[in-house]
Structures are given as C-alpha cells and as structure tokens.
>>> print(open('entry-v6.txt').read())   # compact mmCIF, C-alpha atoms
# COMPACT_ATOMS: atom_id res chain seq x y z
CA MET A 1 -27.53 -12.86 -16.09
CA GLU A 2 -31.21 -13.08 -16.97
CA ILE A 3 -33.32 -14.17 -13.99
CA LYS A 4 -36.85 -15.51 -14.37
CA PHE A 5 -39.26 -16.42 -11.56
CA ASN A 6 -42.39 -18.51 -12.09
CA ILE A 7 -44.49 -18.06 -8.96
CA ASP A 8 -47.37 -20.50 -8.59
CA LYS A 9 -48.94 -21.16 -5.19
CA ASP A 10 -50.37 -24.49 -6.44
CA LEU A 11 -46.95 -25.86 -7.36
CA GLN A 12 -46.38 -29.32 -5.83
CA LYS A 13 -42.59 -29.13 -5.54
CA GLU A 14 -40.39 -26.07 -5.75
CA LYS A 15 -37.36 -26.29 -8.02
CA ALA A 16 -34.62 -24.06 -9.44
CA GLU A 17 -32.92 -24.55 -12.78
CA PHE A 18 -29.81 -22.75 -14.00
CA TRP A 19 -28.58 -22.29 -17.55
CA LEU A 20 -24.85 -21.66 -17.28
CA LYS A 21 -21.78 -21.53 -19.49
CA LYS A 22 -19.72 -22.89 -16.59
CA MET A 23 -20.03 -23.59 -12.88
CA THR A 24 -18.58 -20.82 -10.69
CA GLY A 25 -17.95 -20.50 -6.96
CA LYS A 26 -20.75 -17.94 -6.69
CA ILE A 27 -23.33 -20.28 -8.26
CA ARG A 28 -22.11 -23.19 -6.11
CA LYS A 29 -22.58 -21.02 -3.01
CA ILE A 30 -26.10 -19.98 -4.07
CA THR A 31 -26.96 -23.65 -4.74
CA GLN A 32 -25.74 -24.65 -1.26
CA GLU A 33 -27.81 -21.86 0.22
CA LEU A 34 -30.94 -22.95 -1.67
CA GLN A 35 -30.48 -26.58 -0.62
CA SER A 36 -29.73 -25.77 2.99
CA ASP A 37 -32.67 -25.71 5.41
CA SER A 38 -30.53 -24.32 8.18
CA GLN A 39 -30.44 -20.52 8.38
CA VAL A 40 -28.95 -20.46 11.85
CA LEU A 41 -25.65 -20.90 13.61
CA TRP A 42 -25.47 -22.32 17.09
CA GLY A 43 -23.72 -20.03 19.54
CA TYR A 44 -23.12 -20.44 23.26
CA ARG A 45 -23.43 -18.01 26.16
CA LYS A 46 -22.79 -19.28 29.68
CA GLU A 47 -23.13 -22.90 28.48
CA THR A 48 -26.58 -22.22 27.01
CA ALA A 49 -26.95 -22.83 23.28
CA TYR A 50 -28.78 -20.29 21.15
CA ALA A 51 -29.85 -20.58 17.52
CA ILE A 52 -28.69 -17.35 15.92
CA GLU A 53 -30.32 -16.45 12.63
CA PHE A 54 -27.91 -15.51 9.86
CA SER A 55 -29.80 -12.27 9.37
CA LYS A 56 -28.92 -11.26 12.96
CA ILE A 57 -25.19 -11.95 12.67
CA TYR A 58 -22.93 -8.92 12.15
CA LEU A 59 -19.54 -10.55 12.40
CA ILE A 60 -17.80 -13.85 13.12
CA GLN A 61 -14.23 -13.41 14.27
CA VAL A 62 -11.42 -15.49 15.73
CA GLU A 63 -10.12 -14.00 18.99
CA ASN A 64 -7.58 -15.77 21.17
CA GLU A 65 -8.19 -18.96 19.15
CA LYS A 66 -11.93 -18.79 19.91
CA THR A 67 -14.58 -18.22 17.25
CA ILE A 68 -16.91 -15.45 18.39
CA ILE A 69 -20.26 -14.57 16.81
CA TYR A 70 -21.30 -10.92 17.09
CA THR A 71 -24.91 -9.81 16.79
CA GLN A 72 -26.10 -6.23 17.29
CA ASP A 73 -25.45 -6.20 21.03
CA LYS A 74 -24.45 -9.72 22.06
CA THR A 75 -21.55 -12.09 21.58
CA TYR A 76 -21.68 -15.87 21.43
CA LEU A 77 -19.05 -18.56 21.33
CA PHE A 78 -19.15 -20.79 18.26
CA LYS A 79 -17.85 -24.24 19.13
CA GLY A 80 -15.97 -24.88 15.92
CA ARG A 81 -13.45 -23.33 13.56
CA LEU A 82 -14.14 -20.29 11.41
CA TYR A 83 -14.15 -22.34 8.20
CA GLN A 84 -16.83 -24.61 9.71
CA ALA A 85 -19.03 -21.60 10.44
CA ARG A 86 -18.46 -20.30 6.91
CA ILE A 87 -19.65 -23.47 5.11
CA ASN A 88 -23.39 -22.83 5.46
CA LEU A 89 -23.44 -19.05 5.65
CA SER A 90 -25.51 -17.12 3.13
CA THR A 91 -24.08 -14.94 0.38
CA ASP A 92 -24.56 -11.88 2.62
CA PHE A 93 -21.32 -12.87 4.32
CA ILE A 94 -17.89 -12.03 2.99
CA GLU A 95 -14.42 -12.80 4.27
CA ALA A 96 -12.79 -9.66 5.67
CA SER A 97 -9.54 -11.46 6.44
CA ARG A 98 -8.34 -14.94 7.37
CA SER A 99 -9.79 -14.43 10.85
CA ALA A 100 -13.06 -12.58 10.22
CA ILE A 101 -16.26 -12.96 8.21
CA LEU A 102 -18.77 -10.12 8.14
CA ASN A 103 -22.31 -9.55 7.00
CA TYR A 104 -22.04 -6.81 4.37
CA ARG A 105 -25.63 -5.71 5.03
CA PHE A 106 -24.50 -4.35 8.41
CA ILE A 107 -21.53 -2.35 7.17
CA ASP A 108 -21.81 1.34 7.95
CA HIS A 109 -18.68 2.54 6.16
CA LEU A 110 -15.01 1.88 5.45
CA GLU A 111 -12.06 3.93 6.70
CA ILE A 112 -8.42 4.08 5.64
CA ILE A 113 -6.56 4.38 8.94
CA SER A 114 -3.22 6.05 9.60
CA ASN A 115 -1.07 2.93 9.13
CA GLY A 116 -2.63 2.43 5.68
CA ASN A 117 -4.86 -0.48 6.66
CA ILE A 118 -8.59 -0.43 5.98
CA ASP A 119 -11.18 -0.77 8.75
CA VAL A 120 -14.83 -1.66 8.34
CA LEU A 121 -17.16 0.15 10.72
CA MET A 122 -20.29 -1.89 11.37
CA LYS A 123 -23.68 -0.34 12.12
CA ASN A 124 -23.41 -1.33 15.79
CA GLY A 125 -20.02 0.36 16.15
CA LEU A 126 -17.86 -2.75 15.75
CA ARG A 127 -14.58 -2.14 13.97
CA VAL A 128 -12.88 -4.88 11.96
CA GLN A 129 -9.89 -4.82 9.63
CA ILE A 130 -10.47 -5.84 6.03
CA ALA A 131 -7.63 -7.10 3.84
CA ARG A 132 -7.08 -5.04 0.69
CA ARG A 133 -7.45 -8.10 -1.54
CA LYS A 134 -10.93 -8.68 -0.06
CA ILE A 135 -12.12 -5.25 -1.21
CA LYS A 136 -12.71 -6.67 -4.70
CA LYS A 137 -15.12 -9.25 -3.25
CA LEU A 138 -16.98 -6.56 -1.32
CA LYS A 139 -17.29 -4.42 -4.45
CA GLU A 140 -18.70 -7.38 -6.37
CA ARG A 141 -21.25 -8.01 -3.61
CA LEU A 142 -22.30 -4.36 -3.70
CA GLY A 143 -22.70 -4.56 -7.45
CA LEU A 144 -19.83 -2.18 -8.21
CA MET B 1 -3.78 -21.98 -12.16
CA LYS B 2 -4.95 -18.65 -10.68
CA HIS B 3 -1.35 -17.89 -9.61
CA ILE B 4 0.06 -18.75 -13.06
CA VAL B 5 -2.45 -16.39 -14.71
CA ARG B 6 -1.52 -13.62 -12.25
CA LEU B 7 2.18 -14.33 -12.81
CA ILE B 8 1.80 -14.05 -16.60
CA ASN B 9 -0.37 -10.92 -16.20
CA SER B 10 2.31 -9.34 -14.04
CA GLY B 11 4.95 -10.22 -16.67
CA LEU B 12 2.80 -8.68 -19.42
CA ILE B 13 2.28 -5.49 -17.35
CA GLY B 14 6.09 -5.45 -16.99
CA ILE B 15 6.40 -5.61 -20.80
CA GLY B 16 3.88 -2.76 -21.15
CA ILE B 17 5.74 -0.49 -18.73
CA GLY B 18 9.18 -1.60 -19.96
CA MET B 19 8.40 -0.99 -23.62
CA THR B 20 6.94 2.46 -22.88
CA TRP B 21 10.07 3.26 -20.87
CA LEU B 22 12.29 1.93 -23.69
CA GLY B 23 10.36 3.96 -26.29
CA PHE B 24 10.83 7.22 -24.37
CA ASP B 25 14.48 6.39 -23.69
CA VAL B 26 15.24 5.70 -27.36
CA LEU B 27 13.37 8.81 -28.56
CA GLN B 28 15.09 10.98 -25.94
CA SER B 29 18.52 9.73 -27.07
CA GLN B 30 17.66 10.82 -30.66
CA PHE B 31 16.86 14.36 -29.52
CA SER B 32 18.75 16.16 -32.25
CA LYS B 33 17.87 13.71 -35.04
CA ASN B 34 14.71 12.96 -37.00
CA ARG B 35 12.74 10.81 -34.55
CA LEU B 36 10.67 9.20 -37.33
CA GLU B 37 13.84 7.53 -38.56
CA THR B 38 14.80 6.12 -35.16
CA THR B 39 15.79 2.45 -35.22
CA ILE B 40 16.89 -0.06 -32.59
CA SER B 41 18.50 -3.45 -33.06
CA VAL B 42 16.40 -6.61 -32.73
CA LYS B 43 18.88 -7.94 -30.14
CA TYR B 44 18.50 -4.80 -28.00
CA PHE B 45 14.71 -4.90 -28.33
CA LEU B 46 14.49 -8.61 -27.43
CA PHE B 47 16.79 -8.16 -24.45
CA TRP B 48 14.51 -5.45 -23.02
CA LEU B 49 11.37 -7.41 -23.87
CA VAL B 50 12.58 -10.42 -21.87
CA ALA B 51 14.03 -8.23 -19.09
CA ALA B 52 10.73 -6.32 -18.75
CA PHE B 53 8.78 -9.61 -18.57
CA LEU B 54 11.13 -10.96 -15.89
CA ILE B 55 10.93 -7.69 -13.90
CA GLY B 56 7.14 -7.93 -14.07
CA ILE B 57 7.29 -11.49 -12.72
CA PHE B 58 9.70 -10.39 -9.99
CA PHE B 59 7.24 -7.68 -8.92
CA TYR B 60 4.56 -10.37 -8.62
CA PHE B 61 6.70 -12.34 -6.18
CA ALA B 62 7.67 -9.19 -4.27
CA SER B 63 3.97 -8.31 -3.96
CA LEU B 64 3.36 -11.55 -2.01
CA VAL B 65 4.58 -9.50 0.98
CA PHE B 66 1.15 -7.81 0.83
CA ASP B 67 -0.58 -11.13 1.57
CA HIS B 68 0.59 -10.92 5.19
CA ASP B 69 -2.65 -9.53 6.61
CA ASN B 70 -1.24 -9.29 10.13
CA TRP B 71 1.46 -6.81 9.00
CA SER B 72 0.58 -3.14 8.75
CA LEU B 73 0.72 -1.54 5.31
CA LYS B 74 3.74 0.55 6.41
CA LYS B 75 5.66 -2.62 7.26
CA GLN B 76 4.59 -4.31 4.01
CA ILE B 77 5.69 -1.32 1.90
CA PHE B 78 8.94 -0.97 3.85
CA ILE B 79 9.90 -4.62 3.21
CA ASN B 80 8.63 -4.58 -0.39
CA PHE B 81 10.59 -1.37 -1.07
CA PHE B 82 13.92 -2.84 0.04
CA ILE B 83 13.38 -6.18 -1.73
CA CYS B 84 12.61 -4.36 -4.99
CA LEU B 85 15.42 -1.84 -4.51
CA GLY B 86 17.92 -4.67 -3.96
CA ALA B 87 16.75 -6.42 -7.13
CA TRP B 88 16.78 -3.14 -9.13
CA LEU B 89 20.34 -2.30 -8.05
CA SER B 90 21.50 -5.83 -8.92
CA PHE B 91 19.89 -5.46 -12.35
CA CYS B 92 21.56 -2.06 -12.90
CA LEU B 93 24.92 -3.49 -11.84
CA PHE B 94 24.43 -6.34 -14.30
CA LEU B 95 23.66 -3.84 -17.09
CA ASN B 96 26.87 -1.94 -16.24
CA LYS B 97 28.80 -5.25 -16.35
CA PHE B 98 29.33 -4.99 -12.59
CA ASN B 99 31.27 -1.72 -12.89
CA TYR B 100 30.46 0.18 -9.73
CA SER B 101 30.51 3.98 -9.39
CA GLY B 102 28.95 6.21 -6.73
CA SER B 103 27.14 8.45 -9.23
CA ALA B 104 25.67 5.48 -11.17
CA LEU B 105 24.47 3.97 -7.90
CA LEU B 106 22.90 7.26 -6.81
CA GLU B 107 21.22 7.64 -10.21
CA ALA B 108 19.81 4.09 -10.00
CA ILE B 109 18.46 4.74 -6.48
CA ILE B 110 16.83 8.04 -7.51
CA ASP B 111 15.30 6.39 -10.61
CA PHE B 112 13.90 3.65 -8.43
CA ILE B 113 12.46 6.02 -5.82
CA ILE B 114 10.70 8.01 -8.57
CA MET B 115 9.24 4.83 -10.12
CA TYR B 116 8.21 3.47 -6.72
CA ALA B 117 6.63 6.75 -5.57
CA LEU B 118 4.73 7.01 -8.87
CA ALA B 119 3.48 3.43 -8.64
CA TYR B 120 2.33 3.81 -5.02
CA GLY B 121 0.92 7.28 -5.61
CA ILE B 122 -1.30 5.76 -8.31
CA TYR B 123 -2.10 2.77 -6.08
CA PHE B 124 -3.19 4.91 -3.11
CA TYR B 125 -5.21 7.24 -5.26
CA HIS B 126 -6.98 4.19 -6.72
CA LEU B 127 -7.55 2.74 -3.22
CA TRP B 128 -8.89 6.04 -1.86
CA HIS B 129 -11.23 6.28 -4.88
CA GLU B 130 -12.43 2.67 -4.36
CA ILE B 131 -13.22 3.27 -0.67
CA ARG B 132 -15.12 6.45 -1.54
CA GLN B 133 -17.09 4.54 -4.18
CA ILE B 134 -17.93 1.74 -1.69
CA ASN B 135 -19.00 4.22 1.01
CA LYS B 136 -21.24 6.01 -1.47
CA LYS B 137 -22.87 2.70 -2.45
CA LEU B 138 -23.29 1.70 1.22
CA LYS B 139 -25.17 4.93 1.89
CA GLU B 140 -27.55 4.13 -0.98
CA ILE B 141 -28.52 0.66 0.30
>>> encode(input="entry-v6.txt", output="structure tokens")
Amino acid sequence: MEIKFNIDKDLQKEKAEFWLKKMTGKIRKITQELQSDSQVLWGYRKETAYAIEFSKIYLIQVENEKTIIYTQDKTYLFKGRLYQARINLSTDFIEASRSAILNYRFIDHLEIISNGNIDVLMKNGLRVQIARRKIKKLKERLGL
Amino acid sequence: MKHIVRLINSGLIGIGIGMTWLGFDVLQSQFSKNRLETTISVKYFLFWLVAAFLIGIFFYFASLVFDHDNWSLKKQIFINFFICLGAWLSFCLFLNKFNYSGSALLEAIIDFIIMYALAYGIYFYHLWHEIRQINKKLKEI
C-alpha cells in the first residue's frame, strides 16, 4: 500500500483519508486507533487504580478467571473481560491464544517446547503459550 | 464464509494429493507396458476425484482437533491420528467391498502411517523453519 503524509504545522484540523479496494479488519483496527484518544488501560493494585500506557504493557492474560495486565516488572488487575481490554488496544497487540494478548514489540524469541507447543519468551522473562494458528498473525505483524 | 473457503481448499488439496497418488499408482501398475499409452476409465477417474475431494474435506474436520488450545500438541496428534486412521480403514474396507483380511488390514495401516509421518514431517519442518524465521526477524527489530 502506498502511504503519503502531508505534514503542515499550520493545519487547522488533522484528518486521514484512505483509498481502499475494500474494508478489512486491519484498516478498521487502525481507524479505531486513530479515533481513540485513550492510549491507556486502567489496572488496579491494592484497590488503587493506575492508568497504564499501552506502550508499557507486555501481556494481558486471564488467570483463574481474572484478567491480569503485565508490565515490565508489575502486575495489575483489569476489572473487565479480556475482550473488553482488547477493544481499544493498539495494533502492537496480538492474540496469543483465547486467554492471552501480547505486545509483539516486547517479544524476545519463540521456542518450540518438548510437548510440541510454542512458547513466547518476553523481554522481561515472561513465558506465554502461543497457539499455532496465531503464528500467521504474528508473521504478518512482523512483515514476514 | 471463511470456514467454507477453508473446507473447499482442503477438498482441493485432497484432489491434488489424490490425483498424484492415482497417477503414480496407475503408472506403477503399467510397469512392463508402454506408459505413454496408459489409459484409465472415466468412471474410475471420477470415483477417485470425488473420493479425494471427500478425503480432503474429512481431513479439514479432523484438523479441528488442533483448535483445542488447551490440549498439548501430543494429545492433539494422538487423537487426530486415531480419528484419521479409523476413517482410512473404513474407506479401505469399503474399497474391498467389506472383505476383511489380516494382510490387507496391515497393508492399509502401514500405508496410513507412512502418509501420516510424511505429512507431519513436512508440517514440523515448516513450523521449525517459521519459528527460526520469526526469531531472526525479532533480533533485527
């Protein structure tokens, strides 16, 4: 796709225009991201709410029916379901499985483990299983 | 719609593999004759065309086992193997008009194991290659 930017500091209102053959999920997601002012998720630690920037989130995972947000060295409780957290997330996030969403920018490497499953090793040492059918999505995001 | 496309794709892959298999089988049976003059009947060809398509579709359904993310790959392959083996043996029995013999059964099982091992050998090589490619790209960014 050809991408053109017109940068003008005197512009009164910023706008984006797409010329597409058809609407795709990827474009819809980018549109949502452009229209969304919120770049944070609200997470709780000891009943205190924290605004966690998307760029600081490594992983969001369901554990014992609770949705947990992982940053580099902290964990927060997200008071909602995983799909609710996913709605506003940026395109840096991909589904690793039905119970985990990860930020691909923080992936260190992937490993095929002895039982044949695939683990993602995050840069902070977190280990999360990725479903084989999600590998295609990850490859697309990496431009492969 | 996505599932219908995948289903048809799987059927078409079945036709591809089935027709290659049929071609080798027919040529092998004409070993002592001029292979350029080999012919098969339209009825025989159509039967295998439809059978290969249906086998391809069956493999699509059997592969749904792999959507169970909470099962390990070993468990998924184990279950998938026996589902496919059961279907393959039923198909072979049908071809033999339900005449059962120990040697025919053994031959069908060995054929299946070879096909299955080949398919999964290719699959795992492809997977290993994909992971290596992803890790290489991750190191670059």
>>> atom_distance(input="entry-v6.txt", atom1="atom CA of B:Ile79", atom2="atom CA of A:Glu111")
23.8 Å
>>> interface_residues(input="entry-v6.txt", of="chain B", to="chain A", cutoff="8 Å", atoms="only C-alpha atoms", output="number ranges by chain")
B: 69, 72-74, 128, 131, 134-135, 137-139
>>> residues_around(input="entry-v6.txt", residues="B:Ile109", least_positions_apart="2", cutoff="10 Å", atoms="only C-alpha atoms", output="VMD selection string")
chain B and resid 85 to 86 88 to 89 92 103 to 107 111 to 115
>>> closest_residue(input="entry-v6.txt", among="A:Met122, A:Lys15, A:Ile27, A:Ile3", to="A:Tyr70", atoms="only C-alpha atoms")
A:Met122
>>> closest_residue(input="entry-v6.txt", among="B:Ala119, B:Ala62, B:Ile83, B:Leu95", to="B:Ile17", atoms="only C-alpha atoms")
B:Ala119
>>> atom_distance(input="entry-v6.txt", atom1="atom CA of A:Phe5", atom2="atom CA of A:Asp92")
20.9 Å
>>> atom_distance(input="entry-v6.txt", atom1="atom CA of A:Gln72", atom2="atom CA of A:Val40")
15.5 Å
>>> residues_around(input="entry-v6.txt", residues="B:Ile13", least_positions_apart="4", cutoff="10 Å", atoms="all atoms listed in the file", output="ChimeraX atom specification")
/B:7-9,17-19,52-53,55-57
>>> write_last_selection(input="entry-v6.txt", atoms="C-alpha atoms", output="compact mmCIF listing (two decimals), in the coordinates of the input")
# COMPACT_ATOMS: atom_id res chain seq x y z
CA LEU B 7 2.18 -14.33 -12.81
CA ILE B 8 1.80 -14.05 -16.60
CA ASN B 9 -0.37 -10.92 -16.20
CA ILE B 17 5.74 -0.49 -18.73
CA GLY B 18 9.18 -1.60 -19.96
CA MET B 19 8.40 -0.99 -23.62
CA ALA B 52 10.73 -6.32 -18.75
CA PHE B 53 8.78 -9.61 -18.57
CA ILE B 55 10.93 -7.69 -13.90
CA GLY B 56 7.14 -7.93 -14.07
CA ILE B 57 7.29 -11.49 -12.72
>>> decode(input="entry-v6.txt", residues="stretch 1-12 of chain A", atoms="all heavy atoms", output="compact mmCIF listing (two decimals), in the first residue's frame")
# COMPACT_ATOMS: atom_id res chain seq x y z
N MET A 1 0.85 -1.20 0.00
CA MET A 1 0.00 0.00 0.00
C MET A 1 0.88 1.25 0.00
O MET A 1 1.85 1.34 0.74
CB MET A 1 -0.89 0.00 1.25
CG MET A 1 -1.82 1.18 1.31
SD MET A 1 -2.64 1.34 2.90
CE MET A 1 -3.99 0.22 2.69
N GLU A 2 0.49 2.21 -0.83
CA GLU A 2 1.26 3.47 -0.89
C GLU A 2 0.79 4.35 0.28
O GLU A 2 -0.42 4.51 0.50
CB GLU A 2 0.96 4.15 -2.22
CG GLU A 2 1.90 5.28 -2.54
CD GLU A 2 1.57 5.89 -3.89
OE1 GLU A 2 1.52 5.13 -4.89
OE2 GLU A 2 1.35 7.10 -3.92
N ILE A 3 1.72 4.90 1.02
CA ILE A 3 1.36 5.76 2.16
C ILE A 3 1.95 7.15 1.94
O ILE A 3 3.13 7.29 1.61
CB ILE A 3 1.84 5.15 3.50
CG1 ILE A 3 1.17 3.80 3.71
CG2 ILE A 3 1.55 6.09 4.67
CD1 ILE A 3 1.70 3.02 4.87
N LYS A 4 1.11 8.15 2.10
CA LYS A 4 1.57 9.53 1.87
C LYS A 4 1.23 10.38 3.09
O LYS A 4 0.10 10.34 3.59
CB LYS A 4 0.84 10.06 0.63
CG LYS A 4 1.35 11.38 0.14
CD LYS A 4 0.54 11.80 -1.09
CE LYS A 4 0.90 13.20 -1.51
NZ LYS A 4 0.01 13.68 -2.57
N PHE A 5 2.18 11.11 3.61
CA PHE A 5 1.94 12.03 4.73
C PHE A 5 2.10 13.47 4.25
O PHE A 5 3.06 13.78 3.54
CB PHE A 5 2.96 11.78 5.86
CG PHE A 5 2.77 10.47 6.57
CD1 PHE A 5 3.54 9.37 6.24
CD2 PHE A 5 1.80 10.33 7.55
CE1 PHE A 5 3.37 8.16 6.88
CE2 PHE A 5 1.62 9.11 8.19
CZ PHE A 5 2.40 8.03 7.86
N ASN A 6 1.17 14.31 4.63
CA ASN A 6 1.30 15.75 4.36
C ASN A 6 1.42 16.44 5.71
O ASN A 6 0.42 16.58 6.41
CB ASN A 6 0.07 16.27 3.61
CG ASN A 6 -0.06 15.62 2.26
OD1 ASN A 6 0.83 15.69 1.44
ND2 ASN A 6 -1.17 14.92 2.05
N ILE A 7 2.61 16.81 6.10
CA ILE A 7 2.81 17.40 7.42
C ILE A 7 2.85 18.93 7.31
O ILE A 7 3.66 19.49 6.55
CB ILE A 7 4.09 16.84 8.08
CG1 ILE A 7 3.91 15.33 8.26
CG2 ILE A 7 4.36 17.52 9.43
CD1 ILE A 7 5.15 14.58 8.63
N ASP A 8 1.92 19.55 8.02
CA ASP A 8 1.81 21.01 7.97
C ASP A 8 1.47 21.50 9.38
O ASP A 8 0.37 21.25 9.88
CB ASP A 8 0.70 21.38 6.96
CG ASP A 8 0.48 22.87 6.87
OD1 ASP A 8 1.18 23.62 7.59
OD2 ASP A 8 -0.39 23.28 6.08
N LYS A 9 2.36 22.21 10.02
CA LYS A 9 2.12 22.62 11.41
C LYS A 9 1.01 23.68 11.51
O LYS A 9 0.45 23.90 12.57
CB LYS A 9 3.42 23.09 12.06
CG LYS A 9 4.06 24.33 11.50
CD LYS A 9 5.34 24.65 12.28
CE LYS A 9 6.17 25.74 11.63
NZ LYS A 9 5.52 27.00 11.39
N ASP A 10 0.65 24.30 10.40
CA ASP A 10 -0.41 25.32 10.42
C ASP A 10 -1.80 24.74 10.14
O ASP A 10 -2.78 25.48 10.08
CB ASP A 10 -0.10 26.42 9.39
CG ASP A 10 1.20 27.13 9.72
OD1 ASP A 10 1.49 27.28 10.93
OD2 ASP A 10 1.95 27.49 8.78
N LEU A 11 -1.86 23.45 9.95
CA LEU A 11 -3.14 22.80 9.63
C LEU A 11 -4.14 23.02 10.77
O LEU A 11 -3.80 22.89 11.94
CB LEU A 11 -2.88 21.28 9.46
CG LEU A 11 -3.91 20.50 8.68
CD1 LEU A 11 -3.87 20.88 7.20
CD2 LEU A 11 -3.61 19.01 8.81
N GLN A 12 -5.40 23.38 10.40
CA GLN A 12 -6.40 23.66 11.44
C GLN A 12 -6.95 22.38 12.07
O GLN A 12 -7.16 22.30 13.26
CB GLN A 12 -7.53 24.48 10.84
CG GLN A 12 -7.08 25.92 10.56
CD GLN A 12 -8.24 26.81 10.22
OE1 GLN A 12 -9.26 26.35 9.74
NE2 GLN A 12 -8.08 28.11 10.47
